[in-house]
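The file work.csv comes next; it holds CSV, C-alpha atoms.
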chain,number,residue,atom,x,y,z
R,1,MET,CA,-5.6,-60.9,-24.9
R,2,LEU,CA,-7.5,-62.9,-22.3
R,3,SER,CA,-7.8,-61.4,-18.8
R,4,PRO,CA,-6.7,-63.4,-15.7
R,5,GLU,CA,-10.4,-63.5,-14.8
R,6,ILE,CA,-11.3,-65.1,-18.1
R,7,ILE,CA,-8.4,-67.6,-17.8
R,8,ALA,CA,-9.6,-68.6,-14.3
R,9,LEU,CA,-13.2,-68.8,-15.5
R,10,MET,CA,-12.3,-71.0,-18.5
R,11,THR,CA,-10.0,-73.2,-16.4
R,12,ALA,CA,-12.6,-73.8,-13.7
R,13,VAL,CA,-15.3,-74.5,-16.2
R,14,PHE,CA,-13.1,-76.8,-18.3
R,15,VAL,CA,-11.9,-78.8,-15.4
R,16,ALA,CA,-15.3,-79.1,-13.7
R,17,SER,CA,-16.8,-80.1,-17.1
R,18,ILE,CA,-14.2,-82.8,-17.6
R,19,VAL,CA,-15.0,-84.3,-14.2
R,20,GLU,CA,-18.8,-84.1,-14.6
R,21,ALA,CA,-18.7,-85.4,-18.2
R,22,VAL,CA,-16.6,-88.4,-17.1
R,23,GLU,CA,-19.2,-89.2,-14.4
R,24,ALA,CA,-22.1,-88.8,-16.9
R,25,PHE,CA,-20.2,-90.9,-19.5
R,26,THR,CA,-19.9,-93.8,-17.0
R,27,ILE,CA,-23.7,-93.8,-16.5
R,28,VAL,CA,-24.4,-93.5,-20.2
R,29,LEU,CA,-21.9,-96.3,-21.1
R,30,ALA,CA,-23.4,-98.6,-18.4
R,31,MET,CA,-26.9,-98.1,-19.8
R,32,GLY,CA,-25.8,-98.4,-23.4
R,33,LEU,CA,-23.9,-101.6,-22.9
R,34,THR,CA,-26.4,-103.3,-20.5
R,35,ARG,CA,-29.7,-102.1,-21.9
R,36,GLU,CA,-29.7,-100.7,-25.4
R,37,TRP,CA,-28.1,-97.8,-27.2
R,38,ARG,CA,-31.0,-96.1,-29.0
R,39,SER,CA,-32.9,-95.2,-25.7
R,40,THR,CA,-29.6,-94.3,-24.0
R,41,ILE,CA,-28.6,-91.9,-26.8
R,42,PHE,CA,-32.1,-90.3,-26.8
R,43,GLY,CA,-31.8,-89.9,-23.0
R,44,THR,CA,-28.4,-88.3,-23.3
R,45,LEU,CA,-29.5,-85.9,-26.1
R,46,GLY,CA,-32.6,-85.0,-24.0
R,47,GLY,CA,-30.4,-84.2,-21.0
R,48,LEU,CA,-28.0,-82.1,-23.1
R,49,VAL,CA,-31.0,-80.2,-24.8
R,50,THR,CA,-32.5,-79.5,-21.3
R,51,LEU,CA,-29.2,-78.3,-20.0
R,52,ALA,CA,-28.9,-75.9,-23.0
R,53,ILE,CA,-32.4,-74.6,-22.5
R,54,VAL,CA,-31.8,-74.1,-18.7
R,55,THR,CA,-28.4,-72.4,-19.3
R,56,SER,CA,-29.7,-70.0,-21.9
R,57,GLY,CA,-32.9,-69.4,-20.0
R,58,ILE,CA,-31.3,-68.7,-16.7
R,59,GLY,CA,-28.3,-66.9,-18.2
R,60,ILE,CA,-30.4,-64.5,-20.4
R,61,THR,CA,-32.9,-63.8,-17.6
R,62,LEU,CA,-30.2,-63.1,-15.0
R,63,SER,CA,-28.2,-61.0,-17.4
R,64,ARG,CA,-31.3,-58.8,-18.1
R,65,LEU,CA,-32.4,-58.8,-14.5
R,66,THR,CA,-29.0,-57.7,-13.2
R,67,ALA,CA,-28.7,-55.1,-15.9
R,68,SER,CA,-32.1,-53.6,-15.2
R,69,ILE,CA,-32.5,-54.0,-11.4
R,70,LEU,CA,-28.9,-54.2,-10.2
R,71,GLY,CA,-27.5,-52.0,-12.9
R,72,SER,CA,-26.3,-49.4,-10.5
R,73,THR,CA,-25.5,-51.8,-7.7
R,74,GLU,CA,-22.7,-53.9,-9.0
R,75,ALA,CA,-21.4,-54.5,-5.5
R,76,LEU,CA,-24.6,-56.2,-4.5
R,77,LEU,CA,-24.4,-58.6,-7.5
R,78,GLN,CA,-20.8,-59.4,-6.5
R,79,PHE,CA,-21.9,-60.1,-3.0
R,80,ILE,CA,-24.7,-62.5,-4.1
R,81,ILE,CA,-22.6,-64.3,-6.6
R,82,GLY,CA,-19.7,-64.5,-4.2
R,83,ILE,CA,-21.9,-66.0,-1.5
R,84,LEU,CA,-23.3,-68.6,-3.9
R,85,LEU,CA,-19.9,-69.6,-5.2
R,86,LEU,CA,-18.6,-69.7,-1.6
R,87,VAL,CA,-21.3,-72.0,-0.3
R,88,PHE,CA,-21.1,-74.2,-3.4
R,89,GLY,CA,-17.2,-74.2,-3.5
R,90,LEU,CA,-16.9,-74.9,0.2
R,91,GLN,CA,-19.1,-78.0,-0.1
R,92,TRP,CA,-16.8,-79.3,-2.9
R,93,LEU,CA,-13.7,-78.4,-0.9
R,94,ARG,CA,-15.0,-80.1,2.2
R,95,LYS,CA,-15.6,-83.3,0.3
R,96,ALA,CA,-12.3,-83.1,-1.5
R,97,ILE,CA,-10.5,-82.8,1.8
R,98,LEU,CA,-12.4,-85.7,3.3
R,99,ARG,CA,-11.6,-87.8,0.3
R,100,ALA,CA,-7.9,-86.9,0.5
R,101,THR,CA,-7.8,-87.8,4.2
R,102,GLY,CA,-9.5,-91.1,3.4
R,103,LEU,CA,-12.6,-90.2,5.5
R,104,LYS,CA,-14.8,-90.4,2.5
R,105,ALA,CA,-14.6,-92.9,-0.3
R,106,VAL,CA,-12.9,-91.6,-3.4
R,107,HIS,CA,-14.8,-91.6,-6.8
R,108,ASP,CA,-14.1,-94.9,-8.6
R,109,GLU,CA,-15.6,-94.9,-12.0
R,110,ASP,CA,-15.0,-98.6,-12.5
R,111,ALA,CA,-17.0,-99.4,-9.3
R,112,ILE,CA,-19.7,-96.9,-10.3
R,113,PHE,CA,-19.9,-98.5,-13.7
R,114,ARG,CA,-20.3,-102.0,-12.2
R,115,ARG,CA,-23.0,-100.7,-9.8
R,116,GLU,CA,-24.9,-99.0,-12.7
R,117,GLN,CA,-24.7,-102.1,-14.8
R,118,GLU,CA,-26.0,-104.3,-11.9
R,119,ALA,CA,-29.0,-101.9,-11.4
R,120,ALA,CA,-29.6,-101.9,-15.2
R,121,ARG,CA,-29.7,-105.7,-15.2
R,122,ARG,CA,-32.1,-105.9,-12.3
R,123,ALA,CA,-34.5,-103.2,-13.6
R,124,GLY,CA,-37.7,-104.4,-15.3
R,125,THR,CA,-38.5,-103.8,-19.0
R,126,GLU,CA,-40.9,-100.9,-19.4
R,127,THR,CA,-41.4,-99.5,-22.8
R,128,LYS,CA,-42.7,-96.0,-23.4
R,129,PHE,CA,-42.8,-94.1,-26.7
R,130,GLY,CA,-40.9,-97.0,-28.2
R,131,LEU,CA,-38.0,-96.5,-25.8
R,132,ASP,CA,-36.5,-98.6,-23.1
R,133,TRP,CA,-37.7,-96.3,-20.4
R,134,PHE,CA,-35.1,-97.2,-17.7
R,135,ALA,CA,-32.2,-96.6,-20.0
R,136,PHE,CA,-33.7,-93.3,-21.2
R,137,VAL,CA,-34.5,-92.0,-17.7
R,138,VAL,CA,-31.2,-93.0,-16.1
R,139,SER,CA,-29.2,-91.5,-19.0
R,140,TYR,CA,-31.3,-88.3,-19.1
R,141,LYS,CA,-31.0,-87.8,-15.3
R,142,GLY,CA,-27.3,-88.7,-15.3
R,143,VAL,CA,-26.5,-86.1,-18.0
R,144,PHE,CA,-28.8,-83.4,-16.6
R,145,LEU,CA,-27.8,-83.7,-12.9
R,146,GLU,CA,-24.0,-83.9,-13.6
R,147,GLY,CA,-24.4,-81.0,-16.1
R,148,MET,CA,-26.3,-78.7,-13.7
R,149,GLU,CA,-23.1,-78.2,-11.6
R,150,VAL,CA,-21.3,-77.0,-14.7
R,151,VAL,CA,-24.2,-74.8,-15.6
R,152,PHE,CA,-24.1,-73.2,-12.1
R,153,ILE,CA,-20.4,-72.5,-12.5
R,154,VAL,CA,-20.8,-71.2,-16.0
R,155,ILE,CA,-23.6,-68.8,-15.0
R,156,THR,CA,-22.2,-67.5,-11.7
R,157,PHE,CA,-18.6,-67.0,-13.0
R,158,GLY,CA,-19.7,-65.8,-16.5
R,159,LEU,CA,-22.2,-63.3,-15.1
R,160,GLN,CA,-19.6,-61.8,-12.8
R,161,ALA,CA,-16.9,-61.7,-15.4
R,162,GLN,CA,-19.3,-60.0,-17.8
R,163,ARG,CA,-20.1,-57.4,-15.2
R,164,ASN,CA,-16.3,-56.8,-14.8
R,165,LEU,CA,-16.4,-55.5,-18.4
R,166,THR,CA,-15.2,-58.7,-20.0
R,167,PRO,CA,-17.6,-59.0,-22.9
R,168,HIS,CA,-18.8,-62.5,-24.0
R,169,ALA,CA,-17.5,-64.1,-20.7
R,170,MET,CA,-20.5,-66.4,-20.7
R,171,LEU,CA,-19.7,-67.5,-24.2
R,172,PHE,CA,-16.1,-68.3,-23.3
R,173,ALA,CA,-17.4,-70.3,-20.3
R,174,ALA,CA,-19.9,-72.2,-22.5
R,175,ALA,CA,-17.2,-72.9,-25.1
R,176,SER,CA,-14.9,-74.4,-22.4
R,177,ALA,CA,-17.7,-76.6,-21.2
R,178,MET,CA,-18.5,-77.8,-24.7
R,179,LEU,CA,-14.8,-78.5,-25.5
R,180,ALA,CA,-14.5,-80.6,-22.3
R,181,VAL,CA,-17.7,-82.6,-23.1
R,182,LEU,CA,-16.5,-83.2,-26.7
R,183,LEU,CA,-13.0,-84.3,-25.4
R,184,VAL,CA,-14.6,-86.8,-23.0
R,185,GLY,CA,-17.0,-88.0,-25.6
R,186,PHE,CA,-14.2,-88.7,-28.1
R,187,ALA,CA,-12.0,-90.3,-25.5
R,188,GLY,CA,-14.9,-92.4,-24.2
R,189,ALA,CA,-15.9,-93.5,-27.7
R,190,PHE,CA,-12.3,-94.5,-28.4
R,191,ALA,CA,-11.7,-96.3,-25.1
R,192,HIS,CA,-15.2,-97.9,-24.9
R,193,LYS,CA,-14.9,-98.3,-21.1
R,194,PRO,CA,-15.2,-96.0,-18.0
R,195,LEU,CA,-12.5,-93.2,-18.1
R,196,SER,CA,-11.2,-94.2,-14.6
R,197,ALA,CA,-7.7,-93.0,-15.6
R,198,VAL,CA,-8.8,-89.4,-15.4
R,199,PRO,CA,-7.6,-88.0,-12.0
R,200,GLU,CA,-11.1,-87.0,-11.0
R,201,ASN,CA,-10.5,-86.5,-7.3
R,202,THR,CA,-7.5,-84.2,-7.8
R,203,MET,CA,-9.4,-82.2,-10.4
R,204,LYS,CA,-12.3,-81.8,-8.1
R,205,PHE,CA,-9.9,-80.5,-5.5
R,206,ALA,CA,-8.6,-77.9,-7.9
R,207,VAL,CA,-12.1,-76.8,-8.9
R,208,ALA,CA,-13.1,-76.5,-5.3
R,209,LEU,CA,-10.1,-74.3,-4.5
R,210,LEU,CA,-10.9,-72.0,-7.5
R,211,LEU,CA,-14.6,-71.7,-6.6
R,212,SER,CA,-13.8,-71.0,-2.9
R,213,THR,CA,-11.1,-68.5,-3.9
R,214,PHE,CA,-13.4,-66.5,-6.2
R,215,GLY,CA,-16.2,-66.9,-3.7
R,216,VAL,CA,-14.2,-65.2,-0.9
R,217,PHE,CA,-12.8,-62.6,-3.2
R,218,TRP,CA,-16.1,-61.4,-4.8
R,219,SER,CA,-18.2,-61.7,-1.6
R,220,VAL,CA,-15.6,-59.5,0.3
R,221,GLU,CA,-15.6,-57.0,-2.6
R,222,GLY,CA,-19.4,-57.0,-2.6
R,223,LEU,CA,-19.5,-56.3,1.2
R,224,GLY,CA,-18.8,-52.7,0.1
R,225,TYR,CA,-22.4,-52.4,-0.9
R,226,PHE,CA,-23.3,-52.3,2.8
R,227,SER,CA,-21.0,-49.3,3.5
R,228,ALA,CA,-22.2,-45.8,3.3
R,229,ARG,CA,-20.8,-45.4,-0.3
R,230,ARG,CA,-22.5,-48.6,-1.6
R,231,GLN,CA,-19.6,-49.4,-3.9
R,232,SER,CA,-17.3,-52.4,-4.2
R,233,LEU,CA,-14.6,-52.8,-1.6
R,234,GLU,CA,-11.1,-53.0,-3.1
R,235,TRP,CA,-8.7,-55.5,-1.7
R,236,PRO,CA,-5.6,-53.7,-0.2
R,237,ILE,CA,-3.4,-55.5,-2.7
R,238,GLY,CA,-5.8,-55.4,-5.6
R,239,ASP,CA,-6.2,-58.5,-7.7
R,240,TRP,CA,-3.1,-60.0,-6.1
R,241,GLY,CA,-5.6,-60.8,-3.3
R,242,LEU,CA,-6.9,-63.6,-5.5
R,243,LEU,CA,-3.5,-65.3,-5.4
R,244,LEU,CA,-3.2,-64.7,-1.7
R,245,VAL,CA,-6.6,-66.3,-1.0
R,246,PHE,CA,-5.8,-69.2,-3.3
R,247,ALA,CA,-2.5,-69.8,-1.5
R,248,ALA,CA,-4.3,-69.7,1.9
R,249,TRP,CA,-7.0,-72.2,0.8
R,250,LEU,CA,-4.3,-74.5,-0.6
R,251,LEU,CA,-2.1,-74.3,2.6
R,252,VAL,CA,-5.0,-74.8,5.0
R,253,SER,CA,-6.4,-77.7,2.9
R,254,TRP,CA,-2.9,-79.3,2.8
R,255,LEU,CA,-2.4,-78.9,6.5
R,256,THR,CA,-5.8,-80.3,7.3
R,257,VAL,CA,-5.1,-83.4,5.2
R,258,ALA,CA,-1.6,-83.7,6.6
R,259,VAL,CA,-2.9,-83.7,10.2
R,260,LEU,CA,-6.0,-85.8,9.8
R,261,LYS,CA,-4.8,-88.5,7.4
R,262,PRO,CA,-2.4,-90.2,9.8
R,263,LEU,CA,-5.1,-90.0,12.6
R,264,ALA,CA,-7.7,-91.5,10.3
R,265,LEU,CA,-5.3,-94.3,9.3
R,266,ARG,CA,-4.3,-94.9,12.9
R,267,ASP,CA,-8.0,-95.2,13.9
R,268,ALA,CA,-8.9,-97.2,10.8
R,269,LEU,CA,-11.5,-94.7,9.7
R,270,VAL,CA,-10.4,-94.8,6.1
R,271,SER,CA,-13.1,-95.5,3.6
R,272,THR,CA,-12.3,-97.9,0.8
R,273,PRO,CA,-13.0,-96.7,-2.8
R,274,THR,CA,-16.5,-97.8,-3.5
R,275,THR,CA,-19.5,-96.8,-5.5
R,276,ALA,CA,-19.4,-93.2,-4.5
R,277,GLY,CA,-22.1,-92.0,-6.9
R,278,GLU,CA,-23.0,-89.0,-4.8
R,279,LYS,CA,-22.5,-85.3,-5.4
R,280,PRO,CA,-20.3,-83.5,-6.0
X,1,MET,CA,-53.0,-80.3,-5.6
X,2,THR,CA,-50.8,-83.2,-4.4
X,3,LEU,CA,-48.9,-83.2,-7.7
X,4,LEU,CA,-48.3,-79.4,-7.4
X,5,LEU,CA,-47.1,-79.8,-3.8
X,6,ASN,CA,-44.8,-82.6,-4.8
X,7,ILE,CA,-43.3,-80.4,-7.6
X,8,ILE,CA,-42.8,-77.5,-5.2
X,9,VAL,CA,-41.2,-79.8,-2.5
X,10,GLY,CA,-39.1,-81.5,-5.2
X,11,PHE,CA,-37.9,-78.1,-6.5
X,12,PHE,CA,-36.8,-76.8,-3.1
X,13,ARG,CA,-35.3,-80.2,-2.2
X,14,PHE,CA,-33.3,-80.2,-5.4
X,15,TRP,CA,-31.9,-76.7,-4.7
X,16,TYR,CA,-31.3,-77.5,-1.0
X,17,ASP,CA,-29.3,-80.6,-1.9
X,18,PHE,CA,-27.6,-78.7,-4.7
X,19,LEU,CA,-26.4,-75.7,-2.7
X,20,ILE,CA,-26.3,-76.8,0.9
X,21,GLY,CA,-25.8,-80.5,0.6
X,22,ASP,CA,-25.1,-82.7,3.6
X,23,CYS,CA,-23.3,-80.1,5.6
X,24,TRP,CA,-25.7,-77.3,6.5
X,25,GLN,CA,-23.1,-75.9,9.0
X,26,ILE,CA,-21.1,-74.4,6.0
X,27,ALA,CA,-24.1,-72.5,4.7
X,28,LEU,CA,-25.0,-71.3,8.2
X,29,GLY,CA,-21.4,-70.3,8.8
X,30,VAL,CA,-21.1,-68.3,5.6
X,31,ALA,CA,-24.4,-66.6,6.3
X,32,CYS,CA,-23.4,-65.7,9.8
X,33,VAL,CA,-20.0,-64.4,8.9
X,34,MET,CA,-21.0,-62.4,5.8
X,35,GLY,CA,-24.2,-61.3,7.4
X,36,GLY,CA,-22.4,-60.1,10.5
X,37,LEU,CA,-19.8,-58.2,8.4
X,38,ALA,CA,-22.6,-56.7,6.3
X,39,PHE,CA,-24.5,-55.6,9.4
X,40,ALA,CA,-21.3,-54.1,11.0
X,41,LEU,CA,-20.7,-52.1,7.8
X,42,ARG,CA,-24.3,-51.0,7.5
X,43,THR,CA,-24.5,-49.7,11.0
X,44,GLY,CA,-21.0,-48.1,10.9
X,45,LEU,CA,-19.5,-50.5,13.5
X,46,ILE,CA,-16.7,-50.9,11.0
X,47,ALA,CA,-15.9,-48.5,8.2
X,48,PRO,CA,-13.7,-48.9,5.1
X,49,VAL,CA,-11.0,-46.4,4.4
X,50,LEU,CA,-11.4,-43.9,1.5
X,51,HIS,CA,-8.6,-44.2,-1.0
X,52,GLY,CA,-9.1,-41.8,-3.8
X,53,ASP,CA,-12.4,-42.9,-5.4
X,54,GLU,CA,-12.1,-46.3,-4.0
X,55,ILE,CA,-12.9,-47.8,-0.6
X,56,THR,CA,-10.7,-50.4,1.0
X,57,SER,CA,-10.0,-52.1,4.3
X,58,PRO,CA,-7.3,-54.5,5.4
X,59,TRP,CA,-9.5,-55.9,8.2
X,60,ILE,CA,-12.6,-56.9,6.3
X,61,PRO,CA,-10.8,-59.3,3.9
X,62,LEU,CA,-8.7,-60.6,6.8
X,63,ALA,CA,-11.7,-61.3,9.0
X,64,ALA,CA,-13.8,-62.8,6.2
X,65,GLY,CA,-11.0,-64.9,4.8
X,66,SER,CA,-9.9,-66.2,8.2
X,67,ALA,CA,-13.4,-67.1,9.2
X,68,MET,CA,-13.9,-69.1,6.0
X,69,LEU,CA,-10.7,-71.0,6.5
X,70,LEU,CA,-11.7,-71.8,10.1
X,71,LEU,CA,-15.2,-72.8,8.8
X,72,ILE,CA,-13.8,-75.4,6.4
X,73,VAL,CA,-11.5,-76.9,9.0
X,74,PHE,CA,-14.4,-76.9,11.5
X,75,SER,CA,-16.6,-78.7,9.1
X,76,VAL,CA,-14.0,-81.4,8.3
X,77,VAL,CA,-13.3,-81.9,12.1
X,78,ILE,CA,-17.0,-82.4,12.7
X,79,GLU,CA,-17.0,-85.2,10.2
X,80,PHE,CA,-13.8,-86.7,11.7
X,81,THR,CA,-15.2,-86.7,15.2
X,82,ALA,CA,-18.5,-88.1,14.1
X,83,LYS,CA,-16.6,-91.0,12.5
X,84,MET,CA,-14.5,-91.4,15.6
X,85,ARG,CA,-17.6,-91.9,17.7
X,86,LYS,CA,-19.1,-94.6,15.5
Could you take the file, read its structure, and then write that structure out as structure tokens?
Amino acid sequence: MLSPEIIALMTAVFVASIVEAVEAFTIVLAMGLTREWRSTIFGTLGGLVTLAIVTSGIGITLSRLTASILGSTEALLQFIIGILLLVFGLQWLRKAILRATGLKAVHDEDAIFRREQEAARRAGTETKFGLDWFAFVVSYKGVFLEGMEVVFIVITFGLQAQRNLTPHAMLFAAASAMLAVLLVGFAGAFAHKPLSAVPENTMKFAVALLLSTFGVFWSVEGLGYFSARRQSLEWPIGDWGLLLVFAAWLLVSWLTVAVLKPLALRDALVSTPTTAGEKP
Amino acid sequence: MTLLLNIIVGFFRFWYDFLIGDCWQIALGVACVMGGLAFALRTGLIAPVLHGDEITSPWIPLAAGSAMLLLIVFSVVIEFTAKMRK
């Protein structure tokens, strides 16, 4: 039976991976169709291999490090992971709220695809190791940079879930990410065009809410390390605190959007969907 | 030497952009709130309640959670007012 923590972990990783895979797919497709497929595929595989090495390298190192150095100070680990997730999640949430109010351009995969194709057409033809270097580098960077966000979520969530006596949490997280990448890969190969029908902006909002929720929950628990007893602080309502925090984030985000959206529309501050190729 | 420096600068820039991004106020706010609460707990200004083997407190989650909610609203309002001025 999967624990609520594992279900949340897998959901967050799966949804985040879908979003990032869709973005990476747009770049890869633009390179493949405009430049050439062989170099693009090599770049994509290179990015995936680098991600796998980085994930296993950081994951194994951190697992051993936390077991040996922080073995008796679980609360400190909770605090560090909570803070990292909180800072990362709040950046996502801020951008998601700005997009929902119209203050920031929403992600538009079709527009990004056109921009990437235009850049690919303008770029010169440099050949290295028998590869179209532009197609290789852009595909490699696209896959690696989009994937790093997923790696960060997999490692932070997985490490914490593993500490909470959920064995193989990191494997569950990695499996969710791989499933998402395969799904996007198959859908993309079938559609042969940018997957703009995927509700990326809504999905990003959901991931941001989850990251911020766990960030607050774990960092508060970890604050107990600084008390005289140096142990995790329990929420007064136990794990129900997670639902409470999630509801609070949802309510405040919704209220902020509800208040600011009409003001932005009134003052014509709304950004039109453009080539928002930035992170997250 | 220049190459090494570029690699070091690139490494830190990557992680700065990755974690802090374009709104440093969020990272600073989180550091201040959580650092402040950690300091208050360490120095005994606030103390959790002992409940069996566990420690708990209604005020610490409330203070941290409310501060984070205010922080996100604040960061969005900063962006909104900046756009208004343009």
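Here CA of Val13 in chain R and CA of Leu183 in chain R stand 13.6 Å from one another.
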Expressed in Å to a single decimal, how great is the separation between CA of Lys104 in chain R and CA of Leu9 in chain R?
->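 Those two atoms sit 28.2 Å apart.
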Distance in Å - CA of Ile46 in chain X versus CA of Pro61 in chain X |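 Between CA of Ile46 in chain X and CA of Pro61 in chain X the gap is 12.5 Å.
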Could you pull the residues within 8 Å of Val76 in chain X, counting only C-alpha atoms, minus those fewer than 3 positions along the same chain, as a list in words?
->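 Contacts, in chain order: Arg94, Ile97 and Leu98 of chain R; Ile72, Val73, Glu79 and Phe80 of chain X.
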Go through chain X residue by residue and, counting all atoms listed in the file, keep those with an atom at most 10 Å from chain R; for each kept residue give the shortest atom pair and its distance in Å to one decimal, ordered by chain and increasing number, as a tab-separated table.
residue	atom	partner	partner_atom	distance
X:Phe14	CA	R:Leu145	CA	9.9
X:Asp17	CA	R:Lys279	CA	9.0
X:Phe18	CA	R:Phe88	CA	8.0
X:Leu19	CA	R:Phe88	CA	5.6
X:Ile20	CA	R:Val87	CA	7.0
X:Gly21	CA	R:Gln91	CA	7.2
X:Asp22	CA	R:Gln91	CA	8.5
X:Cys23	CA	R:Gln91	CA	7.4
X:Trp24	CA	R:Gln91	CA	9.4
X:Ile26	CA	R:Val87	CA	6.7
X:Ala27	CA	R:Val87	CA	5.8
X:Leu28	CA	R:Val87	CA	9.3
X:Gly29	CA	R:Val87	CA	9.3
X:Val30	CA	R:Val87	CA	7.0
X:Ala31	CA	R:Ile83	CA	8.2
X:Met34	CA	R:Leu223	CA	7.8
X:Gly35	CA	R:Leu223	CA	9.2
X:Leu37	CA	R:Leu223	CA	7.5
X:Ala38	CA	R:Phe226	CA	5.7
X:Phe39	CA	R:Phe226	CA	7.5
X:Ala40	CA	R:Phe226	CA	8.6
X:Leu41	CA	R:Ser227	CA	5.1
X:Arg42	CA	R:Phe226	CA	5.0
X:Thr43	CA	R:Ser227	CA	8.3
X:Gly44	CA	R:Ser227	CA	7.5
X:Ile46	CA	R:Ser227	CA	8.8
X:Ala47	CA	R:Ser227	CA	7.0
X:Pro48	CA	R:Ser227	CA	7.5
X:Val49	CA	R:Leu233	CA	9.5
X:Leu50	CA	R:Arg229	CA	9.7
X:His51	CA	R:Glu234	CA	9.4
X:Asp53	CA	R:Gln231	CA	9.8
X:Glu54	CA	R:Glu234	CA	6.8
X:Ile55	CA	R:Leu233	CA	5.4
X:Thr56	CA	R:Glu234	CA	4.9
X:Ser57	CA	R:Pro236	CA	6.5
X:Pro58	CA	R:Pro236	CA	5.9
X:Trp59	CA	R:Pro236	CA	9.5
X:Ile60	CA	R:Val220	CA	7.2
X:Pro61	CA	R:Val220	CA	6.0
X:Leu62	CA	R:Val220	CA	9.5
X:Ala63	CA	R:Val220	CA	9.7
X:Ala64	CA	R:Val220	CA	7.0
X:Gly65	CA	R:Val216	CA	6.5
X:Ser66	CA	R:Ala248	CA	9.1
X:Met68	CA	R:Val216	CA	7.9
X:Leu69	CA	R:Trp249	CA	6.9
X:Leu70	CA	R:Val252	CA	8.9
X:Leu71	CA	R:Leu90	CA	9.0
X:Ile72	CA	R:Arg94	CA	6.4
X:Val73	CA	R:Thr256	CA	6.9
X:Phe74	CA	R:Arg94	CA	9.9
X:Ser75	CA	R:Arg94	CA	7.2
X:Val76	CA	R:Arg94	CA	6.3
X:Val77	CA	R:Leu260	CA	8.6
X:Glu79	CA	R:Leu103	CA	8.2
X:Phe80	CA	R:Leu103	CA	7.2
X:Lys83	CA	R:Leu269	CA	6.9
X:Met84	CA	R:Leu269	CA	7.4
X:Lys86	CA	R:Leu269	CA	9.6
Which residues come within 8 Å of Glu20 in chain R, counting all atoms listed in the file, excluding same-chain residues fewer than 2 positions away, as an NGL selection string?
-> :R and (16-18 or 22-24 or 146-147 or 149-150)
Write the residues of the selection above to a file with C-alpha atoms, as a PDB file, in the frame of the given file.
ATOM      1  CA  ALA R  16     -15.300 -79.100 -13.700  1.00  0.00           C
ATOM      2  CA  SER R  17     -16.800 -80.100 -17.100  1.00  0.00           C
ATOM      3  CA  ILE R  18     -14.200 -82.800 -17.600  1.00  0.00           C
ATOM      4  CA  VAL R  22     -16.600 -88.400 -17.100  1.00  0.00           C
ATOM      5  CA  GLU R  23     -19.200 -89.200 -14.400  1.00  0.00           C
ATOM      6  CA  ALA R  24     -22.100 -88.800 -16.900  1.00  0.00           C
ATOM      7  CA  GLU R 146     -24.000 -83.900 -13.600  1.00  0.00           C
ATOM      8  CA  GLY R 147     -24.400 -81.000 -16.100  1.00  0.00           C
ATOM      9  CA  GLU R 149     -23.100 -78.200 -11.600  1.00  0.00           C
ATOM     10  CA  VAL R 150     -21.300 -77.000 -14.700  1.00  0.00           C
TER      11      VAL R 150
END
Pick from R:Glu5, R:Asp132, R:Gly82, R:Phe25, whichever lies nearest to Trp37 in chain R using only C-alpha atoms = R:Asp132
If we count only C-alpha atoms, what is near Gln160 in chain R at a cut-off of 12 Å, once residues fewer than 4 positions away on the same chain are taken out, given as a PyMOL selection string?
-> chain R and resi 5-6+9+59+62-63+66-67+74-82+84-85+153-156+164-170+173+214-215+217-219+221-222
Contacts of Met203 in chain R within 10 Å, only C-alpha atoms, excl. fewer than 5 positions in-chain, as an MDAnalysis selection string | chainID R and resid 12 15:16 18:19 96 198 208:209
What lies within 12 Å of Val143 in chain R using only C-alpha atoms, ignoring chain neighbours under 6 positions off, as a PyMOL selection string?
-> chain R and resi 17+20-29+40-52+136-137+149-151+181
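With distances taken over all atoms listed in the file, R:Ser39 is the one residue among R:Leu33, R:Tyr140, R:Leu159, R:Ser39 lying closest to Lys128 in chain R.
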